[in-house]
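Enquirer: I'd like to ask some things about the structure below.
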Amino acid sequence: MTEAPKDPRVAEYVEGMRAWRPEFEALRPVLLGAGLEEDFKWRKPCYTHGGSNVVIFQPFKDLCALLFFKGALLEDPDGALREQGENTRSALRLEFRSVADVTAAKGTIAALAEDAIRVEQAGLSVPKRAPDDDGPYPDELYDQLDADPALRDAWERLTPGRRRGWLLHFNGAKQSKTRVARIERATPRILEGFGMHD
């Protein structure tokens with residue numbers, strides 16, 4: 001399979017990386033070679049298929065990871081995928097601590113990426129988990145909470161009333177791109193613990 005085109009924003013991101021650059025540079029061609037399209041979302045390299053988010057790169061202090069948004073639906077015969085937290089609904093990740101880890105996992109990464117494409121082409125989705133009584137969660141919010149552990153932690157610390165206020169605001173948008181934009185604009189305030197009307 002020919003490698004998909006690279007996104008110039010990802011090249012700029014790589015130039016500014018202070019940690020995990022060699023590991024990401026080893027991961028990038030595997031993802032592009034698997035037929036995923038490169039994008040840049042939530043200030044991180046994100047790989048998509050047909051406009052749907054498939055996997056995102058996550059740098060942490062002690063490791064870096066590839067978070068598969070619908071990891072719970074993927075075939076993982078080697079048990080390589082890990083939960084990123086007890087409240088994770090569908091996203092699972094592969095963890096790396098060295099270039100050697102990436103090199104050893106190339107076959108697994110490619111197989112998971114191909115399976116993730118199958119999941120998207122089949123239109124599969126993880127069954128919705130009933131949140132407390134906050135209201136319906138838009139898929140775009142689930143995606144961002146799964147992609148950004150700091151945002152997920154801040155969201156869970158909000159009072160139920162603050163979460164409901166944000167959900168009303170997010171769900172008030174009719175188009176997905178508008179919901180994404182609203183969530184992105186709200187993220188700094190949520191990280192600071194504020195509600196919609198604070």
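Identifiers in this document derive from the order of the structure tokens: chains are assigned A, B, ..., residues are numbered from 1 separately in each chain, and ligands are numbered from 1 in order of occurrence.
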Using DSSP on the backbone coordinates, identify the residues of stretch 80-170 of chain A assigned to strand (DSSP E); present them as a PyMOL selection string.
Expert: chain A and resi 82-83+92-96
Enquirer: Could you take the residues named above and write them with N, CA and C atoms, as a JSON list (two decimals), in the first residue's frame?
Expert:
```json
[["chain", "number", "residue", "atom", "x", "y", "z"],
["A", 82, "ARG", "N", -4.15, -1.35, 25.72],
["A", 82, "ARG", "CA", -4.32, -1.08, 27.15],
["A", 82, "ARG", "C", -5.40, -0.03, 27.34],
["A", 83, "GLU", "N", -6.10, -0.12, 28.49],
["A", 83, "GLU", "CA", -7.04, 0.94, 28.86],
["A", 83, "GLU", "C", -6.23, 2.13, 29.34],
["A", 92, "LEU", "N", -8.70, 2.55, 23.38],
["A", 92, "LEU", "CA", -7.62, 1.75, 23.96],
["A", 92, "LEU", "C", -6.32, 2.17, 23.29],
["A", 93, "ARG", "N", -5.21, 1.97, 23.99],
["A", 93, "ARG", "CA", -3.96, 2.47, 23.43],
["A", 93, "ARG", "C", -2.84, 1.44, 23.43],
["A", 94, "LEU", "N", -1.90, 1.67, 22.51],
["A", 94, "LEU", "CA", -0.62, 0.96, 22.49],
["A", 94, "LEU", "C", 0.40, 1.88, 23.14],
["A", 95, "GLU", "N", 1.23, 1.35, 24.01],
["A", 95, "GLU", "CA", 2.20, 2.16, 24.74],
["A", 95, "GLU", "C", 3.62, 1.83, 24.30],
["A", 96, "PHE", "N", 4.44, 2.89, 24.22],
["A", 96, "PHE", "CA", 5.84, 2.75, 23.79],
["A", 96, "PHE", "C", 6.76, 3.54, 24.70]]
```
Enquirer: Each residue of stretch 4-103 of chain A with at least one atom at most 9 Å from stretch 140-148 of chain A should appear once, together with its nearest atom pair and the corresponding distance in Å (one decimal); atoms considered: only C-alpha atoms; ordering: chain, then increasing residue number; output as a Markdown table.
Expert:
```
| residue | atom | partner | partner_atom | distance |
| --- | --- | --- | --- | --- |
| A:Trp42 | CA | A:Gln144 | CA | 7.7 |
| A:Asn53 | CA | A:Asp143 | CA | 8.1 |
| A:Val55 | CA | A:Ala147 | CA | 8.8 |
| A:Ile56 | CA | A:Ala147 | CA | 6.9 |
| A:Phe57 | CA | A:Ala147 | CA | 8.7 |
| A:Gln58 | CA | A:Ala147 | CA | 7.9 |
| A:Leu67 | CA | A:Ala147 | CA | 7.1 |
| A:Phe68 | CA | A:Ala147 | CA | 8.9 |
| A:Phe69 | CA | A:Asp143 | CA | 6.8 |
| A:Gln84 | CA | A:Asp146 | CA | 8.6 |
| A:Thr88 | CA | A:Asp146 | CA | 6.8 |
| A:Arg89 | CA | A:Asp146 | CA | 8.0 |
| A:Ser90 | CA | A:Asp146 | CA | 8.0 |
| A:Ala91 | CA | A:Asp146 | CA | 6.1 |
| A:Leu92 | CA | A:Asp146 | CA | 8.8 |
```
Enquirer: Hey, can you spit out that residue selection with C-alpha atoms as a tab-separated table (two decimals), in the first residue's frame?
Expert:
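To be explicit, this is the file written out as selection-v2.tsv:
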```tsv
chain	number	residue	atom	x	y	z
A	42	TRP	CA	-6.30	18.60	19.60
A	53	ASN	CA	-10.90	9.70	13.71
A	55	VAL	CA	-5.91	6.90	16.10
A	56	ILE	CA	-4.09	9.78	17.78
A	57	PHE	CA	-0.52	10.13	19.04
A	58	GLN	CA	-0.23	10.87	22.76
A	67	LEU	CA	-4.82	5.83	21.16
A	68	PHE	CA	-7.32	3.97	18.97
A	69	PHE	CA	-10.66	5.77	19.33
A	84	GLN	CA	-6.00	4.50	29.56
A	88	THR	CA	-12.45	4.93	29.32
A	89	ARG	CA	-15.46	3.93	27.29
A	90	SER	CA	-14.09	2.75	23.98
A	91	ALA	CA	-10.59	4.04	23.35
A	92	LEU	CA	-7.62	1.75	23.96
```
Enquirer: Neighbouring residues of A:Leu32 were defined as those with any atom within 12 Å, considering only C-alpha atoms; residues of the same chain fewer than 2 positions away were excluded. Please report them as a list in words.
Expert: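 Close residues of A:Leu32: Met1, Thr2, Glu3, Ala4, Pro5, Lys6, Asp7, Glu25, Ala26, Leu27, Arg28, Pro29, Val30, Ala34, Gly35, Leu36, Glu37, Glu38, Asp39, Pro45, Cys46, Tyr47, Thr48, His49, Val55, Ile109, Ala110, Ala113 and Glu114 of chain A.
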Enquirer: Report as a tab-separated table (two decimals) with N, CA and C atoms, in the first residue's frame all protein, DNA and RNA residues lying within 9 Å of A:Glu120, evaluated on only C-alpha atoms, omitting residues in the same chain fewer than 6 positions from it.
Expert:
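Saved file result10.tsv follows:
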```tsv
chain	number	residue	atom	x	y	z
A	49	HIS	N	-9.76	7.95	8.73
A	49	HIS	CA	-10.16	7.20	7.54
A	49	HIS	C	-11.55	7.71	7.14
A	50	GLY	N	-11.66	8.21	5.94
A	50	GLY	CA	-12.94	8.71	5.45
A	50	GLY	C	-13.51	9.82	6.32
A	52	SER	N	-13.26	10.04	9.56
A	52	SER	CA	-13.48	9.59	10.94
A	52	SER	C	-12.15	9.42	11.66
A	54	VAL	N	-9.40	7.78	13.77
A	54	VAL	CA	-9.04	6.38	13.99
A	54	VAL	C	-8.05	6.26	15.15
```
Enquirer: Which of these residues is nearest to A:Lys44, using only C-alpha atoms: A:Tyr13, A:Glu75, A:Lys70, A:Leu31?
Expert: A:Tyr13
Enquirer: Which one is closest to A:Leu168: A:Ala105, A:Ile117, A:Leu151, A:Met196? Count only C-alpha atoms.
Expert: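 For A:Leu168, the nearest of the candidates is A:Met196.
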Enquirer: Between A:Phe40, A:Arg9, A:His197, A:Asp101, which one has atoms that come closest to A:Pro22, using only C-alpha atoms?
Expert: A:Asp101
